[in-house]
file model.cif (mmCIF, C-alpha atoms)
data_data
loop_
_atom_site.label_atom_id
_atom_site.label_comp_id
_atom_site.auth_asym_id
_atom_site.auth_seq_id
_atom_site.Cartn_x
_atom_site.Cartn_y
_atom_site.Cartn_z
CA MET K 1 -87.52 43.92 57.68
CA GLY K 2 -89.52 41.07 59.14
CA PHE K 3 -91.53 40.99 62.28
CA THR K 4 -89.77 39.03 65.01
CA LEU K 5 -90.67 37.69 68.38
CA GLU K 6 -88.64 40.44 70.03
CA ASP K 7 -91.08 42.95 68.57
CA MET K 8 -93.91 41.26 70.34
CA ASN K 9 -93.68 43.48 73.39
CA ASN K 10 -96.21 44.28 76.03
CA MET K 11 -97.76 47.07 74.03
CA TYR K 12 -98.86 44.67 71.30
CA ILE K 13 -100.19 42.27 73.87
CA ASP K 14 -102.20 45.09 75.44
CA VAL K 15 -103.63 46.06 72.07
CA LEU K 16 -104.62 42.49 71.28
CA LYS K 17 -106.13 42.11 74.72
CA GLU K 18 -108.17 45.27 74.23
CA ILE K 19 -109.44 43.97 70.92
CA GLY K 20 -110.32 40.78 72.73
CA ASN K 21 -112.29 42.73 75.32
CA ILE K 22 -114.23 44.65 72.72
CA GLY K 23 -114.84 41.53 70.67
CA SER K 24 -115.98 39.60 73.68
CA GLY K 25 -118.50 42.30 74.48
CA ASN K 26 -120.05 41.77 71.05
CA ALA K 27 -119.85 38.03 71.40
CA ALA K 28 -121.53 38.04 74.79
CA SER K 29 -124.49 40.05 73.52
CA ALA K 30 -124.83 37.84 70.43
CA LEU K 31 -124.83 34.70 72.55
CA ALA K 32 -127.18 36.25 75.12
CA LYS K 33 -129.67 37.07 72.36
CA MET K 34 -129.56 33.50 71.15
CA ILE K 35 -130.16 31.81 74.47
CA GLN K 36 -132.15 34.70 75.97
CA LYS K 37 -130.10 34.84 79.11
CA ARG K 38 -127.61 37.36 80.37
CA ILE K 39 -124.07 36.36 79.56
CA ASP K 40 -120.87 38.05 80.60
CA MET K 41 -117.66 37.57 78.81
CA ASP K 42 -114.23 38.54 79.95
CA VAL K 43 -110.69 38.36 78.62
CA PRO K 44 -108.62 37.87 81.74
CA ASN K 45 -105.40 37.00 80.02
CA VAL K 46 -103.51 37.34 76.77
CA ARG K 47 -100.16 35.64 76.60
CA LEU K 48 -97.48 34.22 74.41
CA LEU K 49 -96.75 30.59 75.05
CA SER K 50 -94.05 28.27 73.80
CA PHE K 51 -95.12 24.97 72.20
CA ASP K 52 -94.37 22.93 75.27
CA ASP K 53 -96.56 25.03 77.52
CA VAL K 54 -99.53 25.25 75.18
CA SER K 55 -101.20 21.94 75.88
CA GLY K 56 -100.57 22.33 79.59
CA VAL K 57 -103.11 25.17 79.49
CA LEU K 58 -105.76 22.61 78.61
CA GLY K 59 -104.70 19.91 81.05
CA GLY K 60 -102.06 18.04 79.08
CA GLU K 61 -101.51 16.76 75.56
CA GLU K 62 -103.82 13.79 75.92
CA MET K 63 -106.78 15.68 77.39
CA VAL K 64 -109.73 15.45 75.00
CA VAL K 65 -110.85 18.90 73.90
CA ALA K 66 -113.02 20.51 71.24
CA GLY K 67 -111.27 22.76 68.75
CA ILE K 68 -113.13 25.00 66.31
CA TYR K 69 -110.91 26.26 63.55
CA PHE K 70 -111.42 29.13 61.09
CA GLN K 71 -109.50 30.49 58.19
CA VAL K 72 -109.16 34.26 58.10
CA GLU K 73 -109.10 35.96 54.71
CA GLY K 74 -109.31 39.41 53.19
CA ASP K 75 -106.75 42.12 53.92
CA ILE K 76 -105.06 39.78 56.35
CA ASP K 77 -104.57 36.02 56.20
CA GLY K 78 -104.34 33.59 59.05
CA ASN K 79 -106.34 31.36 61.31
CA ILE K 80 -108.34 31.46 64.50
CA MET K 81 -108.89 28.54 66.81
CA PHE K 82 -111.34 28.41 69.69
CA LEU K 83 -110.68 25.63 72.19
CA LEU K 84 -112.90 24.29 74.93
CA ASP K 85 -112.57 21.37 77.29
CA ILE K 86 -115.29 18.74 77.06
CA SER K 87 -117.19 19.73 80.19
CA SER K 88 -117.27 23.37 79.04
CA SER K 89 -118.45 22.18 75.63
CA LYS K 90 -121.33 20.32 77.26
CA ILE K 91 -122.29 23.30 79.41
CA LEU K 92 -122.26 25.62 76.40
CA THR K 93 -124.27 23.35 74.12
CA SER K 94 -126.78 22.80 76.92
CA MET K 95 -127.08 26.57 77.36
CA LEU K 96 -127.62 26.96 73.65
CA MET K 97 -130.24 24.24 73.41
CA GLY K 98 -131.98 25.06 76.67
CA ARG K 99 -131.19 21.77 78.39
CA SER K 100 -130.53 21.56 82.09
CA GLU K 101 -127.61 19.17 82.04
CA HIS K 102 -125.60 17.20 79.56
CA THR K 103 -124.74 13.61 80.23
CA GLY K 104 -123.09 11.21 77.86
CA GLU K 105 -121.21 11.83 74.65
CA LEU K 106 -121.35 14.88 72.42
CA ASP K 107 -123.67 14.05 69.50
CA GLU K 108 -124.18 15.59 66.06
CA MET K 109 -126.47 18.30 67.45
CA ASP K 110 -123.85 19.24 70.01
CA ARG K 111 -121.16 19.36 67.35
CA SER K 112 -123.24 21.66 65.24
CA ALA K 113 -124.06 23.83 68.28
CA LEU K 114 -120.36 24.05 69.12
CA GLN K 115 -119.52 25.19 65.61
CA GLU K 116 -122.20 27.84 65.92
CA ILE K 117 -120.85 29.05 69.25
CA GLY K 118 -117.36 29.15 67.76
CA ASN K 119 -118.79 31.11 64.85
CA ILE K 120 -120.40 33.72 67.08
CA LEU K 121 -117.36 34.18 69.28
CA SER K 122 -114.77 34.25 66.53
CA GLY K 123 -117.03 36.39 64.35
CA SER K 124 -117.35 38.95 67.12
CA TYR K 125 -113.62 39.04 67.65
CA ILE K 126 -112.98 39.49 63.95
CA CYS K 127 -115.67 42.17 63.73
CA SER K 128 -114.03 44.29 66.40
CA LEU K 129 -110.63 43.71 64.85
CA SER K 130 -111.99 44.79 61.50
CA ALA K 131 -113.71 47.87 62.95
CA LEU K 132 -110.62 48.97 64.85
CA THR K 133 -108.17 48.49 62.02
CA GLY K 134 -110.35 49.44 59.07
CA LEU K 135 -109.17 46.23 57.41
CA ASN K 136 -111.50 43.95 55.52
CA ILE K 137 -111.36 40.64 57.37
CA LYS K 138 -113.52 37.59 56.63
CA LEU K 139 -113.97 34.27 58.39
CA SER K 140 -114.39 30.88 56.73
CA VAL K 141 -116.95 28.34 57.86
CA PRO K 142 -115.90 26.57 61.07
CA SER K 143 -114.24 23.17 61.16
CA LEU K 144 -114.64 21.19 64.37
CA CYS K 145 -112.35 18.51 65.78
CA ILE K 146 -112.73 16.70 69.09
CA ASP K 147 -109.51 14.86 69.98
CA MET K 148 -106.34 15.05 72.06
CA ALA K 149 -105.31 18.62 72.90
CA GLY K 150 -101.78 18.03 71.64
CA ALA K 151 -103.00 16.80 68.28
CA ILE K 152 -105.43 19.67 67.81
CA LEU K 153 -102.90 22.24 68.93
CA SER K 154 -100.33 20.87 66.53
CA VAL K 155 -102.21 22.67 63.75
CA PRO K 156 -101.82 26.23 65.09
CA ALA K 157 -98.40 25.35 66.52
CA ILE K 158 -97.19 24.31 63.07
CA GLN K 159 -98.57 27.41 61.49
CA PHE K 160 -97.11 29.69 64.12
CA SER K 161 -93.80 27.86 64.14
CA GLN K 162 -93.07 28.97 60.59
CA THR K 163 -92.61 32.47 61.91
CA PHE K 164 -92.40 32.40 65.69
CA ASP K 165 -91.60 29.82 68.32
CA LYS K 166 -94.58 30.96 70.33
CA VAL K 167 -98.34 30.90 70.13
CA LEU K 168 -100.61 33.81 71.03
CA LEU K 169 -103.32 32.74 73.45
CA ILE K 170 -106.34 34.82 74.38
CA GLU K 171 -108.18 33.35 77.36
CA THR K 172 -111.89 34.04 77.60
CA VAL K 173 -114.32 33.38 80.41
CA LEU K 174 -118.06 33.18 79.83
CA THR K 175 -120.42 33.43 82.79
CA GLU K 176 -124.15 32.84 82.85
CA GLY K 177 -125.58 33.01 86.37
CA ASP K 178 -123.36 30.77 88.46
CA THR K 179 -122.08 28.87 85.46
CA LEU K 180 -118.59 29.65 84.32
CA VAL K 181 -117.10 28.46 81.07
CA LYS K 182 -113.47 28.94 80.08
CA GLY K 183 -112.44 29.07 76.47
CA ASN K 184 -109.16 29.75 74.73
CA PHE K 185 -108.63 31.63 71.52
CA PHE K 186 -105.52 31.21 69.45
CA LEU K 187 -104.95 34.02 67.03
CA MET K 188 -102.60 33.25 64.18
CA PRO K 189 -102.13 35.86 61.52
CA ASP K 190 -99.33 35.11 59.08
CA THR K 191 -96.20 37.29 59.38
CA ASP K 192 -97.10 39.94 56.82
CA SER K 193 -100.59 40.16 58.23
CA PHE K 194 -99.25 40.65 61.71
CA GLU K 195 -97.34 43.70 60.58
CA LYS K 196 -100.34 44.99 58.68
CA LEU K 197 -102.58 44.44 61.66
CA LEU K 198 -100.31 46.20 64.10
CA SER K 199 -99.52 49.09 61.80
CA SER K 200 -103.26 49.57 61.20
CA LEU K 201 -103.61 49.87 64.94
CA GLY K 202 -100.81 52.42 65.02
CA VAL K 203 -98.40 50.35 67.06
CA TYR K 204 -96.03 49.24 64.35
CA ARG K 205 -94.20 51.40 61.84
CA MET U 206 -85.77 0.20 85.99
CA GLN U 207 -87.25 1.31 82.73
CA ASN U 208 -87.63 5.05 82.32
CA MET U 209 -90.25 6.55 80.02
CA ILE U 210 -88.68 9.65 78.52
CA LYS U 211 -90.92 12.33 77.08
CA VAL U 212 -90.24 13.86 73.70
CA GLY U 213 -91.97 17.23 73.28
CA MET U 214 -93.08 18.99 70.11
CA ALA U 215 -90.09 19.96 67.95
CA ASP U 216 -87.90 17.78 70.14
CA LEU U 217 -85.90 14.56 69.85
CA LYS U 218 -84.32 12.08 72.26
CA VAL U 219 -82.14 8.98 72.05
CA VAL U 220 -82.17 6.22 74.69
CA LYS U 221 -80.60 2.79 75.29
CA GLU U 222 -82.10 -0.38 76.65
CA PRO U 223 -84.18 -0.60 78.85
CA ASP U 224 -85.56 2.94 78.54
CA ALA U 225 -88.51 3.92 76.41
CA LEU U 226 -89.59 7.11 74.65
CA THR U 227 -93.01 8.67 74.41
CA THR U 228 -94.64 11.59 72.68
CA LEU U 229 -98.20 12.65 73.53
CA GLY U 230 -100.90 13.89 71.20
CA LEU U 231 -99.28 13.74 67.78
CA GLY U 232 -101.52 15.50 65.27
CA SER U 233 -100.19 16.83 62.00
CA CYS U 234 -96.68 16.41 63.33
CA VAL U 235 -94.83 13.20 62.55
CA GLY U 236 -93.17 10.92 65.09
CA ILE U 237 -90.03 9.36 63.61
CA ALA U 238 -88.79 6.33 65.52
CA ILE U 239 -85.38 4.94 64.53
CA TYR U 240 -83.95 1.75 66.04
CA ASP U 241 -80.73 -0.24 66.13
CA ASN U 242 -81.86 -3.76 66.96
CA LEU U 243 -78.40 -5.09 67.88
CA LYS U 244 -77.36 -2.29 70.24
CA LYS U 245 -80.96 -1.67 71.42
CA ILE U 246 -80.62 2.05 70.84
CA ALA U 247 -83.84 3.96 70.10
CA GLY U 248 -84.36 7.50 68.88
CA LEU U 249 -87.61 9.41 68.60
CA ALA U 250 -88.14 12.76 66.87
CA HIS U 251 -91.36 14.79 66.91
CA ILE U 252 -91.13 17.00 63.84
CA MET U 253 -93.52 19.79 62.85
CA LEU U 254 -92.43 20.78 59.35
CA PRO U 255 -90.98 18.95 56.35
CA ASP U 256 -88.05 21.08 55.27
CA SER U 257 -85.71 23.41 57.18
CA THR U 258 -84.42 25.03 54.00
CA LEU U 259 -87.82 26.54 53.20
CA ILE U 260 -88.25 28.35 56.52
CA LYS U 261 -86.32 31.34 57.85
CA ASN U 262 -87.03 30.52 61.47
CA ASN U 263 -85.05 27.26 61.42
CA ALA U 264 -82.78 27.45 64.46
CA ASN U 265 -84.49 24.53 66.21
CA LYS U 266 -83.25 21.56 64.19
CA ALA U 267 -85.61 19.10 65.87
CA LYS U 268 -88.54 20.96 64.31
CA PHE U 269 -87.87 19.79 60.75
CA ALA U 270 -87.87 16.31 59.21
CA ASP U 271 -84.57 16.82 57.37
CA THR U 272 -82.47 18.25 60.19
CA ALA U 273 -84.11 16.21 62.96
CA ILE U 274 -83.36 12.88 61.25
CA GLU U 275 -79.80 13.99 60.58
CA ILE U 276 -78.97 14.99 64.16
CA MET U 277 -80.85 12.04 65.64
CA ILE U 278 -78.81 9.60 63.55
CA ASP U 279 -75.61 11.39 64.59
CA GLU U 280 -76.60 11.11 68.23
CA MET U 281 -77.47 7.41 67.86
CA ILE U 282 -74.11 6.72 66.20
CA LYS U 283 -72.37 8.61 69.02
CA GLN U 284 -74.04 6.23 71.46
CA GLY U 285 -72.85 3.19 69.53
CA ALA U 286 -75.51 2.54 66.89
CA SER U 287 -74.64 1.69 63.32
CA MET U 288 -76.42 3.34 60.44
CA SER U 289 -76.46 0.09 58.47
CA ARG U 290 -78.62 -1.56 61.14
CA MET U 291 -81.05 1.33 61.56
CA THR U 292 -84.74 0.78 60.84
CA ALA U 293 -87.61 3.24 61.14
CA LYS U 294 -91.28 3.39 62.08
CA ILE U 295 -93.34 6.48 61.48
CA THR U 296 -96.67 7.76 62.85
CA GLY U 297 -98.77 10.92 62.84
CA GLY U 298 -99.27 13.23 59.88
CA SER U 299 -103.02 13.59 60.46
CA GLN U 300 -105.24 16.22 58.97
CA MET U 301 -107.06 17.38 62.08
CA PHE U 302 -109.25 19.98 60.39
CA SER U 303 -110.69 20.22 56.93
CA PHE U 304 -112.48 22.93 55.03
CA GLY U 305 -114.83 22.08 52.18
CA ASN U 306 -113.14 24.28 49.59
CA GLY U 307 -110.20 22.01 48.81
CA SER U 308 -107.60 22.00 51.51
CA SER U 309 -104.96 24.68 51.77
CA ASP U 310 -101.27 23.90 52.08
CA LEU U 311 -101.47 24.35 55.81
CA MET U 312 -104.24 21.77 56.12
CA LYS U 313 -102.16 19.30 54.16
CA ILE U 314 -99.09 19.79 56.33
CA GLY U 315 -99.53 16.38 57.96
CA TYR U 316 -99.36 14.67 54.58
CA ARG U 317 -96.37 16.78 53.54
CA ASN U 318 -94.57 15.91 56.77
CA THR U 319 -95.14 12.21 56.11
CA VAL U 320 -93.98 12.38 52.50
CA ALA U 321 -90.84 14.35 53.41
CA THR U 322 -89.99 11.92 56.21
CA LYS U 323 -90.26 8.92 53.87
CA GLU U 324 -88.14 10.64 51.24
CA ILE U 325 -85.38 11.47 53.67
CA LEU U 326 -85.34 7.98 55.19
CA GLY U 327 -85.34 6.54 51.68
CA LYS U 328 -82.31 8.61 50.68
CA LEU U 329 -80.47 7.41 53.77
CA ASN U 330 -81.39 3.78 53.02
CA ILE U 331 -83.14 3.38 56.33
CA PRO U 332 -86.00 0.92 55.78
CA ILE U 333 -89.44 1.86 57.10
CA LEU U 334 -90.71 -1.29 58.83
CA ALA U 335 -94.14 0.06 59.71
CA GLU U 336 -96.23 3.19 59.61
CA ASP U 337 -99.48 4.45 61.02
CA THR U 338 -100.01 7.81 59.37
CA GLY U 339 -102.77 10.03 58.05
CA GLY U 340 -106.42 10.11 59.02
CA ASN U 341 -107.96 12.86 61.12
CA HIS U 342 -107.17 11.81 64.67
CA GLY U 343 -104.44 12.29 67.25
CA ARG U 344 -101.97 9.66 68.43
CA THR U 345 -99.94 9.07 71.56
CA ILE U 346 -96.93 6.84 70.96
CA GLU U 347 -94.52 4.82 73.08
CA PHE U 348 -91.30 3.47 71.59
CA TYR U 349 -89.48 0.67 73.43
CA SER U 350 -85.72 0.27 73.11
CA VAL U 351 -85.99 -3.31 74.41
CA ASN U 352 -87.60 -4.67 71.23
CA GLY U 353 -88.30 -1.71 68.91
CA ASP U 354 -92.07 -1.95 69.40
CA LEU U 355 -94.03 1.22 68.78
CA GLN U 356 -97.36 1.47 70.56
CA VAL U 357 -99.96 3.83 69.07
CA LYS U 358 -102.90 5.01 71.22
CA THR U 359 -105.83 7.03 69.88
CA ILE U 360 -109.16 8.46 71.00
CA GLY U 361 -111.84 6.30 69.40
CA HIS U 362 -109.51 4.51 66.97
CA GLY U 363 -108.12 1.91 69.34
CA ILE U 364 -104.62 1.02 70.40
CA LYS U 365 -102.07 -1.00 68.46
CA ILE U 366 -98.47 -1.99 68.28
CA ILE U 367 -96.60 -1.58 65.03
#

call {"tool": "encode", "arguments": {"input": "model.cif", "output": "structure tokens"}}
result
Amino acid sequence: MGFTLEDMNNMYIDVLKEIGNIGSGNAASALAKMIQKRIDMDVPNVRLLSFDDVSGVLGGEEMVVAGIYFQVEGDIDGNIMFLLDISSSKILTSMLMGRSEHTGELDEMDRSALQEIGNILSGSYICSLSALTGLNIKLSVPSLCIDMAGAILSVPAIQFSQTFDKVLLIETVLTEGDTLVKGNFFLMPDTDSFEKLLSSLGVYR
Amino acid sequence: MQNMIKVGMADLKVVKEPDALTTLGLGSCVGIAIYDNLKKIAGLAHIMLPDSTLIKNNANKAKFADTAIEIMIDEMIKQGASMSRMTAKITGGSQMFSFGNGSSDLMKIGYRNTVATKEILGKLNIPILAEDTGGNHGRTIEFYSVNGDLQVKTIGHGIKII
């Protein structure tokens, strides 16, 4: 019996949100160590979105955003994407490189910093997922793309669409002092992995 | 008054002169624009996957190249178009992300969508007049029923009409 959208009830969402909270705790301390400032990270929202609503989250299909994409391997297969709008990307890279403000275009250094930030955040999420489930989960190197939100989101949407008509979005908020940065995680295990994941967490037979 | 009608992801629409169709932020998906020049009837499909027969979750026919083209042509014929006059233009099919270790099937989905679209149009004898496919960037397209022009906008790769 396959896993269907109808099975994706609130309990699963709560579990995934909790994993997000734990993972974000790890991520915040990893980032804080790197930039030597206190960082708080929060997961205010986990939700299932249909294709049409996905890009609206980021300000429309044509809004330019940064997407950092990872392949997930090991006991489960799938992908993770971390998405940031451009102003958040600039704030984060400036934090990481100790600059006061970022003006102008994102350059090679910024791109590499963004991949590193994506690495830390996704790595932390995967670590907590792995610890909680006892599954062996590995992340690939990051791949970065800065382009229209719709185009970037077509990649997870296509992958998700093979099993569901919805995408699982985990919103994250990073705060450092008065600075607030919003990021969005898309978690996309393949169907079998979803079952494995949830049964490892004790919420799916 | 010309209306600009939006076609979402896994969606398709058919319009008559003078209306136009648009789809925003095409990535690995493919935009299939079919036109009847005499009747000025334009159809645009935004497909996500190449083949409905390979996927269990295939209720939404506009999601797949094979079923989307089929129902779009039916709809165009219903509105007065003739299949013998239909021509096509295709865009999209980008590879937005790449991983060094040889790309997985998922990463190549844009290419597979493009290939499947061409095959299906070929089987139906619908000539492809122009295409702007592949690469690693997004595209916003506008398709005009007045003359069959397809405008392609990108971030950092210019704007053109095919």

call {"tool": "residues_around", "arguments": {"input": "model.cif", "residues": "region 273-280 of chain U", "least_positions_apart": "6", "cutoff": "12 Å", "atoms": "only C-alpha atoms", "output": "JSON, numbers by chain"}}
result
{"U": [214, 215, 216, 217, 218, 219, 220, 221, 235, 236, 237, 238, 239, 240, 241, 246, 247, 248, 249, 250, 251, 252, 253, 254, 255, 256, 257, 263, 264, 265, 266, 267, 286, 287, 288, 289, 290, 291, 292, 293, 295, 321, 322, 323, 324, 325, 326, 327, 328, 329, 331]}

call {"tool": "write_last_selection", "arguments": {"input": "model.cif", "atoms": "C-alpha atoms", "output": "PDB file, keeping the file's coordinate frame"}}
result
ATOM      1  CA  MET U 214     -93.080  18.990  70.110  1.00  0.00           C
ATOM      2  CA  ALA U 215     -90.090  19.960  67.950  1.00  0.00           C
ATOM      3  CA  ASP U 216     -87.900  17.780  70.140  1.00  0.00           C
ATOM      4  CA  LEU U 217     -85.900  14.560  69.850  1.00  0.00           C
ATOM      5  CA  LYS U 218     -84.320  12.080  72.260  1.00  0.00           C
ATOM      6  CA  VAL U 219     -82.140   8.980  72.050  1.00  0.00           C
ATOM      7  CA  VAL U 220     -82.170   6.220  74.690  1.00  0.00           C
ATOM      8  CA  LYS U 221     -80.600   2.790  75.290  1.00  0.00           C
ATOM      9  CA  VAL U 235     -94.830  13.200  62.550  1.00  0.00           C
ATOM     10  CA  GLY U 236     -93.170  10.920  65.090  1.00  0.00           C
ATOM     11  CA  ILE U 237     -90.030   9.360  63.610  1.00  0.00           C
ATOM     12  CA  ALA U 238     -88.790   6.330  65.520  1.00  0.00           C
ATOM     13  CA  ILE U 239     -85.380   4.940  64.530  1.00  0.00           C
ATOM     14  CA  TYR U 240     -83.950   1.750  66.040  1.00  0.00           C
ATOM     15  CA  ASP U 241     -80.730  -0.240  66.130  1.00  0.00           C
ATOM     16  CA  ILE U 246     -80.620   2.050  70.840  1.00  0.00           C
ATOM     17  CA  ALA U 247     -83.840   3.960  70.100  1.00  0.00           C
ATOM     18  CA  GLY U 248     -84.360   7.500  68.880  1.00  0.00           C
ATOM     19  CA  LEU U 249     -87.610   9.410  68.600  1.00  0.00           C
ATOM     20  CA  ALA U 250     -88.140  12.760  66.870  1.00  0.00           C
ATOM     21  CA  HIS U 251     -91.360  14.790  66.910  1.00  0.00           C
ATOM     22  CA  ILE U 252     -91.130  17.000  63.840  1.00  0.00           C
ATOM     23  CA  MET U 253     -93.520  19.790  62.850  1.00  0.00           C
ATOM     24  CA  LEU U 254     -92.430  20.780  59.350  1.00  0.00           C
ATOM     25  CA  PRO U 255     -90.980  18.950  56.350  1.00  0.00           C
ATOM     26  CA  ASP U 256     -88.050  21.080  55.270  1.00  0.00           C
ATOM     27  CA  SER U 257     -85.710  23.410  57.180  1.00  0.00           C
ATOM     28  CA  ASN U 263     -85.050  27.260  61.420  1.00  0.00           C
ATOM     29  CA  ALA U 264     -82.780  27.450  64.460  1.00  0.00           C
ATOM     30  CA  ASN U 265     -84.490  24.530  66.210  1.00  0.00           C
ATOM     31  CA  LYS U 266     -83.250  21.560  64.190  1.00  0.00           C
ATOM     32  CA  ALA U 267     -85.610  19.100  65.870  1.00  0.00           C
ATOM     33  CA  ALA U 286     -75.510   2.540  66.890  1.00  0.00           C
ATOM     34  CA  SER U 287     -74.640   1.690  63.320  1.00  0.00           C
ATOM     35  CA  MET U 288     -76.420   3.340  60.440  1.00  0.00           C
ATOM     36  CA  SER U 289     -76.460   0.090  58.470  1.00  0.00           C
ATOM     37  CA  ARG U 290     -78.620  -1.560  61.140  1.00  0.00           C
ATOM     38  CA  MET U 291     -81.050   1.330  61.560  1.00  0.00           C
ATOM     39  CA  THR U 292     -84.740   0.780  60.840  1.00  0.00           C
ATOM     40  CA  ALA U 293     -87.610   3.240  61.140  1.00  0.00           C
ATOM     41  CA  ILE U 295     -93.340   6.480  61.480  1.00  0.00           C
ATOM     42  CA  ALA U 321     -90.840  14.350  53.410  1.00  0.00           C
ATOM     43  CA  THR U 322     -89.990  11.920  56.210  1.00  0.00           C
ATOM     44  CA  LYS U 323     -90.260   8.920  53.870  1.00  0.00           C
ATOM     45  CA  GLU U 324     -88.140  10.640  51.240  1.00  0.00           C
ATOM     46  CA  ILE U 325     -85.380  11.470  53.670  1.00  0.00           C
ATOM     47  CA  LEU U 326     -85.340   7.980  55.190  1.00  0.00           C
ATOM     48  CA  GLY U 327     -85.340   6.540  51.680  1.00  0.00           C
ATOM     49  CA  LYS U 328     -82.310   8.610  50.680  1.00  0.00           C
ATOM     50  CA  LEU U 329     -80.470   7.410  53.770  1.00  0.00           C
ATOM     51  CA  ILE U 331     -83.140   3.380  56.330  1.00  0.00           C
TER      52      ILE U 331
END

call {"tool": "resolve_selection", "arguments": {"input": "model.cif", "expression": "the PyMOL selection byres ((chain K) within 7 of (chain U))", "output": "list of chain:residue names"}}
result
K:Phe51, K:Asp52, K:Glu61, K:Glu62, K:Ser143, K:Leu144, K:Cys145, K:Asp147, K:Met148, K:Ala149, K:Gly150, K:Ala151, K:Ile152, K:Ser154, K:Val155, K:Ile158, K:Gln162, K:Thr163

call {"tool": "residues_near_point", "arguments": {"input": "model.cif", "point": "(-114.4, 44.1, 67.6)", "cutoff": "8 Å", "atoms": "all atoms listed in the file", "output": "JSON, numbers by chain"}}
result
{"K": [19, 20, 22, 23, 24, 26, 124, 125, 126, 127, 128, 129, 130, 131, 132]}

call {"tool": "atom_distance", "arguments": {"input": "model.cif", "atom1": "CA of Ser140 (chain K)", "atom2": "CA of Ala66 (chain K)"}}
result
17.9 Å

call {"tool": "atom_distance", "arguments": {"input": "model.cif", "atom1": "CA of Asp337 (chain U)", "atom2": "CA of Asn352 (chain U)"}}
result
18.1 Å

call {"tool": "closest_residue", "arguments": {"input": "model.cif", "among": "U:Ile366, U:Thr227, U:Lys211, U:Lys313", "to": "Gln159 (chain K)", "atoms": "all atoms listed in the file"}}
result
U:Lys313

call {"tool": "residues_around", "arguments": {"input": "model.cif", "residues": "region 73-85 of chain K", "least_positions_apart": "6", "cutoff": "9 Å", "atoms": "all atoms listed in the file", "output": "PyMOL selection string"}}
result
chain K and resi 58-59+63-67+118+121-122+135-140+149+153+156+159+181-194+196-197

call {"tool": "atom_distance", "arguments": {"input": "model.cif", "atom1": "CA of Leu96 (chain K)", "atom2": "CA of Leu16 (chain K)"}}
result
27.9 Å

call {"tool": "decode", "arguments": {"input": "model.cif", "residues": "region 141-152 of chain K", "atoms": "N, CA and C atoms", "output": "CSV table (one decimal), in the first residue's frame"}}
result
chain,number,residue,atom,x,y,z
K,141,VAL,N,27.0,17.4,-1.9
K,141,VAL,CA,27.4,18.8,-1.9
K,141,VAL,C,26.3,19.6,-2.4
K,142,PRO,N,26.3,20.9,-2.0
K,142,PRO,CA,25.2,21.8,-2.4
K,142,PRO,C,25.4,22.2,-3.9
K,143,SER,N,24.2,22.5,-4.5
K,143,SER,CA,24.2,23.2,-5.8
K,143,SER,C,23.4,24.4,-5.7
K,144,LEU,N,23.9,25.5,-6.1
K,144,LEU,CA,23.3,26.8,-6.0
K,144,LEU,C,22.7,27.3,-7.3
K,145,CYS,N,21.6,27.9,-7.3
K,145,CYS,CA,21.0,28.6,-8.4
K,145,CYS,C,20.3,29.8,-8.0
K,146,ILE,N,20.6,30.9,-8.7
K,146,ILE,CA,20.0,32.2,-8.4
K,146,ILE,C,19.2,32.6,-9.7
K,147,ASP,N,17.9,32.5,-9.6
K,147,ASP,CA,17.0,32.8,-10.8
K,147,ASP,C,15.6,33.0,-10.3
K,148,MET,N,14.6,33.0,-11.3
K,148,MET,CA,13.2,33.2,-10.9
K,148,MET,C,12.8,32.1,-10.0
K,149,ALA,N,12.0,32.5,-9.0
K,149,ALA,CA,11.5,31.5,-8.0
K,149,ALA,C,10.7,30.4,-8.7
K,150,GLY,N,9.9,30.7,-9.7
K,150,GLY,CA,9.1,29.7,-10.3
K,150,GLY,C,10.0,28.6,-11.0
K,151,ALA,N,11.1,29.1,-11.6
K,151,ALA,CA,12.0,28.2,-12.3
K,151,ALA,C,12.7,27.3,-11.3
K,152,ILE,N,13.2,27.9,-10.2
K,152,ILE,CA,13.9,27.1,-9.2
K,152,ILE,C,13.0,26.1,-8.5
